[in-house]
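A.B. asks: To start, I am sharing the structure in question, which I have written as structure tokens.
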Amino acid sequence: MKKAICPGSFDPITNGHLDIIERAARVFDELIVGVLVNPEKKNLFSVDERVEQIKSLVRDLPNVRVKKFSGLLVDLMNKEEAGVIVKGLRAFSDFEYEFQMASMNNKLDPTKETMFMMTKAEYCYLSSSSVKQVAMFGGCIKGLVPDQIIPDIMRKINSK
């Protein structure tokens with residue numbers, strides 16, 4: 001059984017993230033969406049809120065689980081017996097950063113592999129940060145994130 005982990009902060013999850021998750025779910029027997037707990041980052045949503053949002057979005061994908069984690073990704077991979085990290089790439093600048101991360105993870109555990117999936121062209125400009133900024137300034141985020149989480153995002157933005 002091939003098991004993979006798609007890690008990220010997903011704050012908020014975008015349509016680009018969701019596309020990578022759905023495509024990776026077709027490639028692997030089991031896919032774990034690893035939602036990173038990073039206390040140094042100022043998040044819009046708590047890790048538990050992000051986990052619940054993603055669970056609701058992937059409920060029709062029977063081979064996808066969502067799990068929060070902190071610490072080293074390779075530790076989660078060993079605990080879950082996963083052999084592959086799935087990362088989405090938007091542009092060459094993503095590759096440079098992700099290549100460094102993949103190299104570090106391989107140094108920490110050479111049995112783990114990283115698979116890069118290119119984003120669809122329609123999502124190449126999309127990031128969680130840009131979604132938050134557009135929402136903060138009153139712009140339309142429809143088409144950038146799943147429709148069902150738009151009210152959550154707007155509620156959080158308006159309460160700050």
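How things are named: the first chain in the structure tokens is A, the next is B, and so on; residues count from 1 in each chain; ligands count from 1 in the order shown.
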How close does range 98-141 of chain A get to range 13-20 of chain A? List, as a Markdown table, each residue of range 98-141 of chain A within 9 Å, its nearest atom pair and the distance in Å to one decimal, counting only C-alpha atoms.
C.D. replies:
| residue | atom | partner | partner_atom | distance |
| --- | --- | --- | --- | --- |
| A:Met117 | CA | A:Ile20 | CA | 7.0 |
| A:Met118 | CA | A:Ile20 | CA | 8.3 |
| A:Thr119 | CA | A:Gly16 | CA | 6.7 |
| A:Lys120 | CA | A:Gly16 | CA | 7.6 |
| A:Glu122 | CA | A:Gly16 | CA | 8.4 |
| A:Tyr123 | CA | A:Gly16 | CA | 5.4 |
| A:Cys124 | CA | A:Gly16 | CA | 7.9 |
| A:Leu126 | CA | A:Gly16 | CA | 6.8 |
| A:Ser127 | CA | A:Thr14 | CA | 7.1 |
| A:Ser128 | CA | A:Thr14 | CA | 6.4 |
| A:Val131 | CA | A:Thr14 | CA | 8.0 |
A.B. asks: Mind checking which residues fall within 12 Å of Arg26 in chain A, counting only C-alpha atoms, ignoring those fewer than 5 positions away in the same chain, and posting them as a list in words?
C.D. replies: Lys2, Lys3, Ala4, Asp19, Ile20, Ile21, Leu31, Leu61, Pro62, Asn63 and Val64 of chain A
A.B. asks: Identify, on the basis of only C-alpha atoms, every residue whose closest approach to Ile5 in chain A does not exceed 10 Å; exclude the query and any residue fewer than 6 positions from it along the same chain; express the result as a ChimeraX atom specification.
C.D. replies: /A:21,24,28,30-35,64-67,73-74,76-77,80-87,114
A.B. asks: Between A:Met136, A:Pro110, A:Pro12, A:Gly143, which residue has the minimum interatomic distance to Leu44 in chain A, considering only C-alpha atoms?
C.D. replies: A:Pro12
A.B. asks: If you run DSSP over the backbone, which residues in chain A end up strand (DSSP E)? Put them as a PDB file with all heavy atoms, in the first residue's frame.
C.D. replies:
ATOM      1  N   LYS A   3       1.333   4.989   0.745  1.00  0.00           N
ATOM      2  CA  LYS A   3       0.745   6.033   1.581  1.00  0.00           C
ATOM      3  C   LYS A   3       1.597   7.285   1.475  1.00  0.00           C
ATOM      4  O   LYS A   3       2.822   7.212   1.540  1.00  0.00           O
ATOM      5  CB  LYS A   3       0.694   5.547   3.029  1.00  0.00           C
ATOM      6  CG  LYS A   3      -0.135   6.420   3.946  1.00  0.00           C
ATOM      7  CD  LYS A   3      -0.055   5.987   5.406  1.00  0.00           C
ATOM      8  CE  LYS A   3      -0.650   4.641   5.677  1.00  0.00           C
ATOM      9  NZ  LYS A   3      -0.739   4.350   7.126  1.00  0.00           N
ATOM     10  N   ALA A   4       0.937   8.440   1.341  1.00  0.00           N
ATOM     11  CA  ALA A   4       1.643   9.713   1.205  1.00  0.00           C
ATOM     12  C   ALA A   4       1.052  10.742   2.157  1.00  0.00           C
ATOM     13  O   ALA A   4      -0.072  10.596   2.632  1.00  0.00           O
ATOM     14  CB  ALA A   4       1.533  10.221  -0.232  1.00  0.00           C
ATOM     15  N   ILE A   5       1.839  11.776   2.398  1.00  0.00           N
ATOM     16  CA  ILE A   5       1.396  12.896   3.223  1.00  0.00           C
ATOM     17  C   ILE A   5       1.538  14.178   2.402  1.00  0.00           C
ATOM     18  O   ILE A   5       2.578  14.421   1.783  1.00  0.00           O
ATOM     19  CB  ILE A   5       2.208  13.000   4.530  1.00  0.00           C
ATOM     20  CG1 ILE A   5       1.925  11.784   5.403  1.00  0.00           C
ATOM     21  CG2 ILE A   5       1.883  14.303   5.266  1.00  0.00           C
ATOM     22  CD1 ILE A   5       2.623  11.776   6.744  1.00  0.00           C
ATOM     23  N   CYS A   6       0.482  14.968   2.415  1.00  0.00           N
ATOM     24  CA  CYS A   6       0.489  16.284   1.780  1.00  0.00           C
ATOM     25  C   CYS A   6       0.463  17.312   2.921  1.00  0.00           C
ATOM     26  O   CYS A   6      -0.588  17.551   3.515  1.00  0.00           O
ATOM     27  CB  CYS A   6      -0.731  16.422   0.871  1.00  0.00           C
ATOM     28  SG  CYS A   6      -0.781  17.968  -0.032  1.00  0.00           S
ATOM     29  N   PRO A   7       1.627  17.875   3.263  1.00  0.00           N
ATOM     30  CA  PRO A   7       1.698  18.771   4.418  1.00  0.00           C
ATOM     31  C   PRO A   7       1.504  20.235   4.040  1.00  0.00           C
ATOM     32  O   PRO A   7       1.738  20.642   2.903  1.00  0.00           O
ATOM     33  CB  PRO A   7       3.125  18.544   4.910  1.00  0.00           C
ATOM     34  CG  PRO A   7       3.900  18.318   3.648  1.00  0.00           C
ATOM     35  CD  PRO A   7       2.948  17.585   2.720  1.00  0.00           C
ATOM     36  N   GLY A   8       1.066  21.019   5.008  1.00  0.00           N
ATOM     37  CA  GLY A   8       0.961  22.457   4.804  1.00  0.00           C
ATOM     38  C   GLY A   8       0.272  23.119   5.970  1.00  0.00           C
ATOM     39  O   GLY A   8      -0.239  22.459   6.872  1.00  0.00           O
ATOM     40  N   GLU A  30      -3.532   5.765   0.059  1.00  0.00           N
ATOM     41  CA  GLU A  30      -3.973   6.576   1.193  1.00  0.00           C
ATOM     42  C   GLU A  30      -3.196   7.881   1.191  1.00  0.00           C
ATOM     43  O   GLU A  30      -1.980   7.890   0.976  1.00  0.00           O
ATOM     44  CB  GLU A  30      -3.754   5.851   2.523  1.00  0.00           C
ATOM     45  CG  GLU A  30      -4.295   6.622   3.701  1.00  0.00           C
ATOM     46  CD  GLU A  30      -4.166   5.887   5.036  1.00  0.00           C
ATOM     47  OE1 GLU A  30      -3.758   4.714   5.043  1.00  0.00           O
ATOM     48  OE2 GLU A  30      -4.467   6.513   6.064  1.00  0.00           O
ATOM     49  N   LEU A  31      -3.914   8.976   1.424  1.00  0.00           N
ATOM     50  CA  LEU A  31      -3.295  10.292   1.498  1.00  0.00           C
ATOM     51  C   LEU A  31      -3.679  10.934   2.821  1.00  0.00           C
ATOM     52  O   LEU A  31      -4.854  10.995   3.169  1.00  0.00           O
ATOM     53  CB  LEU A  31      -3.761  11.188   0.339  1.00  0.00           C
ATOM     54  CG  LEU A  31      -3.174  12.605   0.322  1.00  0.00           C
ATOM     55  CD1 LEU A  31      -1.684  12.568  -0.009  1.00  0.00           C
ATOM     56  CD2 LEU A  31      -3.915  13.480  -0.666  1.00  0.00           C
ATOM     57  N   ILE A  32      -2.670  11.390   3.535  1.00  0.00           N
ATOM     58  CA  ILE A  32      -2.892  12.110   4.786  1.00  0.00           C
ATOM     59  C   ILE A  32      -2.597  13.575   4.518  1.00  0.00           C
ATOM     60  O   ILE A  32      -1.513  13.924   4.037  1.00  0.00           O
ATOM     61  CB  ILE A  32      -1.984  11.578   5.909  1.00  0.00           C
ATOM     62  CG1 ILE A  32      -2.284  10.102   6.175  1.00  0.00           C
ATOM     63  CG2 ILE A  32      -2.152  12.416   7.182  1.00  0.00           C
ATOM     64  CD1 ILE A  32      -1.202   9.389   6.942  1.00  0.00           C
ATOM     65  N   VAL A  33      -3.560  14.434   4.799  1.00  0.00           N
ATOM     66  CA  VAL A  33      -3.329  15.872   4.714  1.00  0.00           C
ATOM     67  C   VAL A  33      -2.820  16.277   6.097  1.00  0.00           C
ATOM     68  O   VAL A  33      -3.558  16.212   7.080  1.00  0.00           O
ATOM     69  CB  VAL A  33      -4.612  16.642   4.340  1.00  0.00           C
ATOM     70  CG1 VAL A  33      -4.344  18.141   4.313  1.00  0.00           C
ATOM     71  CG2 VAL A  33      -5.157  16.157   2.999  1.00  0.00           C
ATOM     72  N   GLY A  34      -1.551  16.641   6.172  1.00  0.00           N
ATOM     73  CA  GLY A  34      -0.927  17.018   7.432  1.00  0.00           C
ATOM     74  C   GLY A  34      -1.011  18.514   7.639  1.00  0.00           C
ATOM     75  O   GLY A  34      -0.391  19.282   6.895  1.00  0.00           O
ATOM     76  N   VAL A  35      -1.793  18.924   8.619  1.00  0.00           N
ATOM     77  CA  VAL A  35      -1.988  20.351   8.893  1.00  0.00           C
ATOM     78  C   VAL A  35      -1.003  20.764   9.976  1.00  0.00           C
ATOM     79  O   VAL A  35      -1.089  20.303  11.114  1.00  0.00           O
ATOM     80  CB  VAL A  35      -3.447  20.640   9.309  1.00  0.00           C
ATOM     81  CG1 VAL A  35      -3.649  22.131   9.530  1.00  0.00           C
ATOM     82  CG2 VAL A  35      -4.426  20.107   8.261  1.00  0.00           C
ATOM     83  N   LEU A  36      -0.101  21.633   9.607  1.00  0.00           N
ATOM     84  CA  LEU A  36       1.015  22.013  10.462  1.00  0.00           C
ATOM     85  C   LEU A  36       0.604  22.958  11.588  1.00  0.00           C
ATOM     86  O   LEU A  36      -0.059  23.971  11.343  1.00  0.00           O
ATOM     87  CB  LEU A  36       2.100  22.675   9.614  1.00  0.00           C
ATOM     88  CG  LEU A  36       3.354  23.169  10.330  1.00  0.00           C
ATOM     89  CD1 LEU A  36       4.090  22.007  10.981  1.00  0.00           C
ATOM     90  CD2 LEU A  36       4.256  23.871   9.341  1.00  0.00           C
ATOM     91  N   VAL A  64      -8.628   9.681   1.951  1.00  0.00           N
ATOM     92  CA  VAL A  64      -7.949  10.869   2.487  1.00  0.00           C
ATOM     93  C   VAL A  64      -8.307  11.042   3.963  1.00  0.00           C
ATOM     94  O   VAL A  64      -9.472  11.004   4.334  1.00  0.00           O
ATOM     95  CB  VAL A  64      -8.327  12.137   1.686  1.00  0.00           C
ATOM     96  CG1 VAL A  64      -7.690  13.375   2.320  1.00  0.00           C
ATOM     97  CG2 VAL A  64      -7.900  12.004   0.230  1.00  0.00           C
ATOM     98  N   ARG A  65      -7.264  11.235   4.770  1.00  0.00           N
ATOM     99  CA  ARG A  65      -7.436  11.560   6.187  1.00  0.00           C
ATOM    100  C   ARG A  65      -6.781  12.911   6.438  1.00  0.00           C
ATOM    101  O   ARG A  65      -5.835  13.288   5.761  1.00  0.00           O
ATOM    102  CB  ARG A  65      -6.730  10.538   7.090  1.00  0.00           C
ATOM    103  CG  ARG A  65      -7.428   9.244   7.233  1.00  0.00           C
ATOM    104  CD  ARG A  65      -6.829   8.377   8.349  1.00  0.00           C
ATOM    105  NE  ARG A  65      -5.464   7.951   8.072  1.00  0.00           N
ATOM    106  CZ  ARG A  65      -4.449   8.107   8.914  1.00  0.00           C
ATOM    107  NH1 ARG A  65      -4.606   8.705  10.082  1.00  0.00           N
ATOM    108  NH2 ARG A  65      -3.243   7.672   8.600  1.00  0.00           N
ATOM    109  N   VAL A  66      -7.251  13.608   7.456  1.00  0.00           N
ATOM    110  CA  VAL A  66      -6.687  14.904   7.814  1.00  0.00           C
ATOM    111  C   VAL A  66      -6.185  14.802   9.249  1.00  0.00           C
ATOM    112  O   VAL A  66      -6.894  14.321  10.129  1.00  0.00           O
ATOM    113  CB  VAL A  66      -7.741  16.034   7.692  1.00  0.00           C
ATOM    114  CG1 VAL A  66      -7.116  17.385   7.988  1.00  0.00           C
ATOM    115  CG2 VAL A  66      -8.391  16.015   6.310  1.00  0.00           C
ATOM    116  N   LYS A  67      -4.964  15.262   9.454  1.00  0.00           N
ATOM    117  CA  LYS A  67      -4.350  15.129  10.772  1.00  0.00           C
ATOM    118  C   LYS A  67      -3.484  16.350  11.053  1.00  0.00           C
ATOM    119  O   LYS A  67      -2.726  16.784  10.194  1.00  0.00           O
ATOM    120  CB  LYS A  67      -3.495  13.859  10.773  1.00  0.00           C
ATOM    121  CG  LYS A  67      -2.846  13.539  12.077  1.00  0.00           C
ATOM    122  CD  LYS A  67      -2.074  12.230  11.964  1.00  0.00           C
ATOM    123  CE  LYS A  67      -1.476  11.877  13.284  1.00  0.00           C
ATOM    124  NZ  LYS A  67      -2.263  10.977  14.064  1.00  0.00           N
ATOM    125  N   LYS A  68      -3.603  16.895  12.255  1.00  0.00           N
ATOM    126  CA  LYS A  68      -2.716  18.000  12.622  1.00  0.00           C
ATOM    127  C   LYS A  68      -1.404  17.407  13.121  1.00  0.00           C
ATOM    128  O   LYS A  68      -1.364  16.289  13.638  1.00  0.00           O
ATOM    129  CB  LYS A  68      -3.356  18.914  13.655  1.00  0.00           C
ATOM    130  CG  LYS A  68      -3.565  18.315  15.021  1.00  0.00           C
ATOM    131  CD  LYS A  68      -4.222  19.339  15.945  1.00  0.00           C
ATOM    132  CE  LYS A  68      -4.565  18.707  17.273  1.00  0.00           C
ATOM    133  NZ  LYS A  68      -5.246  19.661  18.158  1.00  0.00           N
ATOM    134  N   PHE A  69      -0.324  18.196  12.950  1.00  0.00           N
ATOM    135  CA  PHE A  69       0.972  17.739  13.450  1.00  0.00           C
ATOM    136  C   PHE A  69       1.862  18.930  13.745  1.00  0.00           C
ATOM    137  O   PHE A  69       1.656  20.030  13.237  1.00  0.00           O
ATOM    138  CB  PHE A  69       1.652  16.780  12.459  1.00  0.00           C
ATOM    139  CG  PHE A  69       2.318  17.445  11.283  1.00  0.00           C
ATOM    140  CD1 PHE A  69       3.689  17.648  11.267  1.00  0.00           C
ATOM    141  CD2 PHE A  69       1.584  17.849  10.181  1.00  0.00           C
ATOM    142  CE1 PHE A  69       4.311  18.260  10.182  1.00  0.00           C
ATOM    143  CE2 PHE A  69       2.190  18.457   9.085  1.00  0.00           C
ATOM    144  CZ  PHE A  69       3.557  18.659   9.088  1.00  0.00           C
ATOM    145  N   VAL A  84       5.972   8.872   1.103  1.00  0.00           N
ATOM    146  CA  VAL A  84       6.071   9.941   0.110  1.00  0.00           C
ATOM    147  C   VAL A  84       5.463  11.236   0.646  1.00  0.00           C
ATOM    148  O   VAL A  84       4.408  11.228   1.276  1.00  0.00           O
ATOM    149  CB  VAL A  84       5.352   9.543  -1.200  1.00  0.00           C
ATOM    150  CG1 VAL A  84       5.430  10.655  -2.240  1.00  0.00           C
ATOM    151  CG2 VAL A  84       5.933   8.247  -1.772  1.00  0.00           C
ATOM    152  N   ILE A  85       6.147  12.334   0.361  1.00  0.00           N
ATOM    153  CA  ILE A  85       5.647  13.681   0.642  1.00  0.00           C
ATOM    154  C   ILE A  85       5.147  14.239  -0.687  1.00  0.00           C
ATOM    155  O   ILE A  85       5.868  14.176  -1.692  1.00  0.00           O
ATOM    156  CB  ILE A  85       6.775  14.599   1.166  1.00  0.00           C
ATOM    157  CG1 ILE A  85       7.390  14.031   2.438  1.00  0.00           C
ATOM    158  CG2 ILE A  85       6.254  16.024   1.382  1.00  0.00           C
ATOM    159  CD1 ILE A  85       8.737  14.663   2.801  1.00  0.00           C
ATOM    160  N   VAL A  86       3.940  14.770  -0.689  1.00  0.00           N
ATOM    161  CA  VAL A  86       3.383  15.384  -1.902  1.00  0.00           C
ATOM    162  C   VAL A  86       3.349  16.894  -1.687  1.00  0.00           C
ATOM    163  O   VAL A  86       2.763  17.370  -0.718  1.00  0.00           O
ATOM    164  CB  VAL A  86       1.952  14.876  -2.197  1.00  0.00           C
ATOM    165  CG1 VAL A  86       1.362  15.619  -3.389  1.00  0.00           C
ATOM    166  CG2 VAL A  86       1.955  13.375  -2.432  1.00  0.00           C
ATOM    167  N   LYS A  87       3.987  17.615  -2.607  1.00  0.00           N
ATOM    168  CA  LYS A  87       4.007  19.073  -2.535  1.00  0.00           C
ATOM    169  C   LYS A  87       3.578  19.654  -3.870  1.00  0.00           C
ATOM    170  O   LYS A  87       3.981  19.172  -4.926  1.00  0.00           O
ATOM    171  CB  LYS A  87       5.423  19.577  -2.215  1.00  0.00           C
ATOM    172  CG  LYS A  87       5.952  19.160  -0.848  1.00  0.00           C
ATOM    173  CD  LYS A  87       5.170  19.752   0.298  1.00  0.00           C
ATOM    174  CE  LYS A  87       5.370  21.224   0.381  1.00  0.00           C
ATOM    175  NZ  LYS A  87       4.945  21.863   1.608  1.00  0.00           N
ATOM    176  N   GLY A  88       2.771  20.686  -3.818  1.00  0.00           N
ATOM    177  CA  GLY A  88       2.354  21.387  -5.021  1.00  0.00           C
ATOM    178  C   GLY A  88       3.329  22.505  -5.337  1.00  0.00           C
ATOM    179  O   GLY A  88       3.838  23.161  -4.438  1.00  0.00           O
ATOM    180  N   LEU A  89       3.592  22.704  -6.612  1.00  0.00           N
ATOM    181  CA  LEU A  89       4.483  23.779  -7.059  1.00  0.00           C
ATOM    182  C   LEU A  89       3.718  24.717  -7.972  1.00  0.00           C
ATOM    183  O   LEU A  89       3.052  24.285  -8.908  1.00  0.00           O
ATOM    184  CB  LEU A  89       5.673  23.214  -7.832  1.00  0.00           C
ATOM    185  CG  LEU A  89       6.653  22.332  -7.069  1.00  0.00           C
ATOM    186  CD1 LEU A  89       7.746  21.844  -8.013  1.00  0.00           C
ATOM    187  CD2 LEU A  89       7.260  23.065  -5.896  1.00  0.00           C
ATOM    188  N   GLU A 113      10.584   9.894   0.166  1.00  0.00           N
ATOM    189  CA  GLU A 113      10.681  10.557  -1.129  1.00  0.00           C
ATOM    190  C   GLU A 113       9.732  11.752  -1.171  1.00  0.00           C
ATOM    191  O   GLU A 113       8.711  11.752  -0.479  1.00  0.00           O
ATOM    192  CB  GLU A 113      10.313   9.600  -2.270  1.00  0.00           C
ATOM    193  CG  GLU A 113      11.285   8.464  -2.454  1.00  0.00           C
ATOM    194  CD  GLU A 113      12.668   8.909  -2.921  1.00  0.00           C
ATOM    195  OE1 GLU A 113      12.803  10.016  -3.494  1.00  0.00           O
ATOM    196  OE2 GLU A 113      13.616   8.145  -2.705  1.00  0.00           O
ATOM    197  N   THR A 114      10.068  12.735  -1.984  1.00  0.00           N
ATOM    198  CA  THR A 114       9.196  13.875  -2.200  1.00  0.00           C
ATOM    199  C   THR A 114       8.737  13.870  -3.654  1.00  0.00           C
ATOM    200  O   THR A 114       9.559  13.715  -4.561  1.00  0.00           O
ATOM    201  CB  THR A 114       9.904  15.204  -1.885  1.00  0.00           C
ATOM    202  OG1 THR A 114      10.311  15.204  -0.512  1.00  0.00           O
ATOM    203  CG2 THR A 114       8.988  16.397  -2.134  1.00  0.00           C
ATOM    204  N   MET A 115       7.441  14.017  -3.848  1.00  0.00           N
ATOM    205  CA  MET A 115       6.870  14.099  -5.191  1.00  0.00           C
ATOM    206  C   MET A 115       6.286  15.496  -5.372  1.00  0.00           C
ATOM    207  O   MET A 115       5.484  15.941  -4.554  1.00  0.00           O
ATOM    208  CB  MET A 115       5.767  13.054  -5.355  1.00  0.00           C
ATOM    209  CG  MET A 115       5.177  13.037  -6.741  1.00  0.00           C
ATOM    210  SD  MET A 115       3.879  11.799  -6.904  1.00  0.00           S
ATOM    211  CE  MET A 115       2.457  12.865  -6.719  1.00  0.00           C
ATOM    212  N   PHE A 116       6.702  16.165  -6.439  1.00  0.00           N
ATOM    213  CA  PHE A 116       6.183  17.488  -6.739  1.00  0.00           C
ATOM    214  C   PHE A 116       5.088  17.373  -7.793  1.00  0.00           C
ATOM    215  O   PHE A 116       5.269  16.692  -8.796  1.00  0.00           O
ATOM    216  CB  PHE A 116       7.285  18.410  -7.258  1.00  0.00           C
ATOM    217  CG  PHE A 116       8.394  18.649  -6.270  1.00  0.00           C
ATOM    218  CD1 PHE A 116       9.695  18.283  -6.556  1.00  0.00           C
ATOM    219  CD2 PHE A 116       8.128  19.257  -5.049  1.00  0.00           C
ATOM    220  CE1 PHE A 116      10.708  18.512  -5.653  1.00  0.00           C
ATOM    221  CE2 PHE A 116       9.146  19.494  -4.139  1.00  0.00           C
ATOM    222  CZ  PHE A 116      10.433  19.118  -4.440  1.00  0.00           C
ATOM    223  N   MET A 117       3.972  18.047  -7.545  1.00  0.00           N
ATOM    224  CA  MET A 117       2.895  18.107  -8.526  1.00  0.00           C
ATOM    225  C   MET A 117       2.762  19.561  -8.957  1.00  0.00           C
ATOM    226  O   MET A 117       2.663  20.456  -8.111  1.00  0.00           O
ATOM    227  CB  MET A 117       1.567  17.631  -7.923  1.00  0.00           C
ATOM    228  CG  MET A 117       1.571  16.167  -7.558  1.00  0.00           C
ATOM    229  SD  MET A 117      -0.052  15.614  -6.981  1.00  0.00           S
ATOM    230  CE  MET A 117      -0.748  15.092  -8.549  1.00  0.00           C
ATOM    231  N   MET A 118       2.749  19.771 -10.254  1.00  0.00           N
ATOM    232  CA  MET A 118       2.579  21.127 -10.776  1.00  0.00           C
ATOM    233  C   MET A 118       1.116  21.525 -10.625  1.00  0.00           C
ATOM    234  O   MET A 118       0.218  20.741 -10.904  1.00  0.00           O
ATOM    235  CB  MET A 118       2.978  21.192 -12.246  1.00  0.00           C
ATOM    236  CG  MET A 118       4.452  20.888 -12.479  1.00  0.00           C
ATOM    237  SD  MET A 118       5.589  21.880 -11.500  1.00  0.00           S
ATOM    238  CE  MET A 118       5.160  23.516 -12.025  1.00  0.00           C
TER     239      MET A 118
END
